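Contents: one structure, followed by commentary.
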Amino acid sequence: MTRFILASGSQIRADILSQAHIPFSIIKSDVDESVIKAERSDLSPRDMALCLAEAKARPVSLAHPDGLVLGADQTMELDGELLDKLPDAALAPDRLRRMRGRPHCLHSGLALLCDGKPVWTHQQTSTIHVRDFSDEFLAHYLAEAGDALTKSVGAYAYEGLGAQLFERVEGDYYAILGLPLLPLTKVLRDEGVLAR
């Protein structure tokens, strides 16, 4: 069976693979996203997700040419602007107020590489409609959200308290979490990682 490697330190991505009983190992990539974002500022937020995914997978794939290496990334787009994770939770109130009552897009990019070369890539966009929440709810959310304020670009964890921020979602649950699972399992079957 082909060795499958996740080139990411993301706990949520590891959890998704584990819960789906997909055999994998983790070898975290050391790629500096900020450098890539600066060098490739010409890319759309959607294309940036795929660019980052490939960049993360490549060094791990070159170091482990016998395996299939998955790079994954997700970007957030609000009004055409690529937003980054907040460096400080104190910035979260302004980010959330800006998102209130408006939609934003989460772009997922997956890149599966072997010996440094792409075998398969996938892009998927989800549209998240944030409800027009009250200031009272915002205060409650900020007090309870904890690490979600700085661990995700939208200052929320969709799979937790963050779900209360939304009125409607257009997209696949796994894509919103940053790892579109069904397209990935198909290619893993095709590549011999999973049984057909």
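Simple scheme: letters A, B, ... for chains in structure tokens order, numbers from 1 for residues in each chain, numbers from 1 for ligands in the order shown.
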
Requested in this report: Check the DSSP output for the backbone and give back, as a PyMOL selection string, the residues of range 33-122 of chain A in alpha helix (DSSP H).
Outcome: chain A and resi 33-39+45-63+92-99

Residues as selected, C-alpha atoms, written as a compact mmCIF listing (two decimals), in the first residue's frame, can you do that?
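Once everything was written out, this is selection-v9.txt:
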```
# COMPACT_ATOMS: atom_id res chain seq x y z
CA GLU A 33 3.33 31.37 4.14
CA SER A 34 4.03 35.08 4.51
CA VAL A 35 6.94 34.88 2.05
CA ILE A 36 4.80 33.11 -0.55
CA LYS A 37 1.93 35.56 -0.08
CA ALA A 38 4.34 38.47 -0.61
CA GLU A 39 6.00 36.89 -3.66
CA PRO A 45 -7.39 34.46 -2.86
CA ARG A 46 -8.74 31.24 -4.45
CA ASP A 47 -5.55 30.53 -6.37
CA MET A 48 -3.42 31.44 -3.34
CA ALA A 49 -4.93 28.51 -1.40
CA LEU A 50 -3.71 26.06 -4.04
CA CYS A 51 -0.33 27.78 -4.36
CA LEU A 52 0.21 27.47 -0.60
CA ALA A 53 -0.92 23.84 -0.60
CA GLU A 54 1.60 22.93 -3.32
CA ALA A 55 4.37 24.91 -1.64
CA LYS A 56 3.79 23.07 1.64
CA ALA A 57 3.76 19.63 0.03
CA ARG A 58 6.80 20.04 -2.24
CA PRO A 59 9.71 19.95 0.27
CA VAL A 60 8.16 17.04 2.16
CA SER A 61 7.55 15.18 -1.11
CA LEU A 62 11.13 15.70 -2.26
CA ALA A 63 12.40 14.38 1.08
CA ALA A 92 -11.03 39.94 16.65
CA PRO A 93 -13.89 42.36 17.53
CA ASP A 94 -13.12 44.55 14.51
CA ARG A 95 -12.78 41.52 12.20
CA LEU A 96 -16.10 40.08 13.37
CA ARG A 97 -17.91 43.43 13.10
CA ARG A 98 -16.62 43.76 9.55
CA MET A 99 -17.99 40.29 8.72
```

Would you give me, as a Markdown table, each residue of range 63-142 of chain A having an atom within 9 Å of an atom of range 4-21 of chain A, along with its shortest atom pair and that distance in Å to one decimal, using only C-alpha atoms and sorting by chain and residue number?
```
| residue | atom | partner | partner_atom | distance |
| --- | --- | --- | --- | --- |
| A:His64 | CA | A:Ile5 | CA | 9.0 |
| A:Gly67 | CA | A:Phe4 | CA | 5.8 |
| A:Leu68 | CA | A:Phe4 | CA | 4.9 |
| A:Val69 | CA | A:Ile5 | CA | 4.7 |
| A:Leu70 | CA | A:Leu6 | CA | 5.0 |
| A:Gly71 | CA | A:Ala7 | CA | 5.3 |
| A:Ala72 | CA | A:Ser8 | CA | 7.2 |
| A:Asp73 | CA | A:Ser8 | CA | 8.9 |
```

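Considering the residues A:Val153, A:Leu161, A:Cys105, A:Leu112 and counting only C-alpha atoms, Thr125 in chain A has its shortest atom-to-atom contact with A:Cys105.
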
Query raised in the report: Interatomic distance between CA of Arg168 in chain A and CA of Ala89 in chain A?
Result: 25.1 Å

Report task. Would you list the contacts of Lys151 in chain A as a PyMOL selection string, taking every protein, DNA or RNA residue within 9 Å and counting only C-alpha atoms, but skipping same-chain residues closer than 6 positions in sequence? Result -> chain A and resi 85-86+157

Report task. Give the strand (DSSP E or B) residues of range 17-167 of chain A, as assigned by DSSP on the backbone, as a PyMOL selection string. Result -> chain A and resi 25-26+67-78+81-83+103-114+117-130+166-167

Give one line per residue of range 95-172 of chain A that approaches range 191-195 of chain A to at most 12 Å, naming the two atoms of the closest pair and their distance in Å to one decimal, counting only C-alpha atoms; sort by chain then ascending residue number and deliver it as a Markdown table.
```
| residue | atom | partner | partner_atom | distance |
| --- | --- | --- | --- | --- |
| A:Leu112 | CA | A:Glu191 | CA | 10.3 |
| A:Leu113 | CA | A:Glu191 | CA | 11.3 |
| A:Cys114 | CA | A:Glu191 | CA | 10.7 |
| A:Val119 | CA | A:Glu191 | CA | 9.3 |
| A:Trp120 | CA | A:Glu191 | CA | 10.1 |
```

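Here the question is which of A:Thr75, A:Gln123, A:Gln164, A:Ser41 gets nearest to Leu184 in chain A using only C-alpha atoms, and that residue is A:Gln123.
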
**Report entry** Neighbour list for Gln74 in chain A as a PyMOL selection string, cut-off 7 Å, only C-alpha atoms, skip fewer than 5 positions in-chain
**Finding:** chain A and resi 49+106-109+178

Query - Close residues, His140 in chain A itself excluded, 12 Å, only C-alpha atoms, min 3 positions apart in chain, as a PyMOL selection string - result: chain A and resi 93+133-137+143-146+161-162+164-165
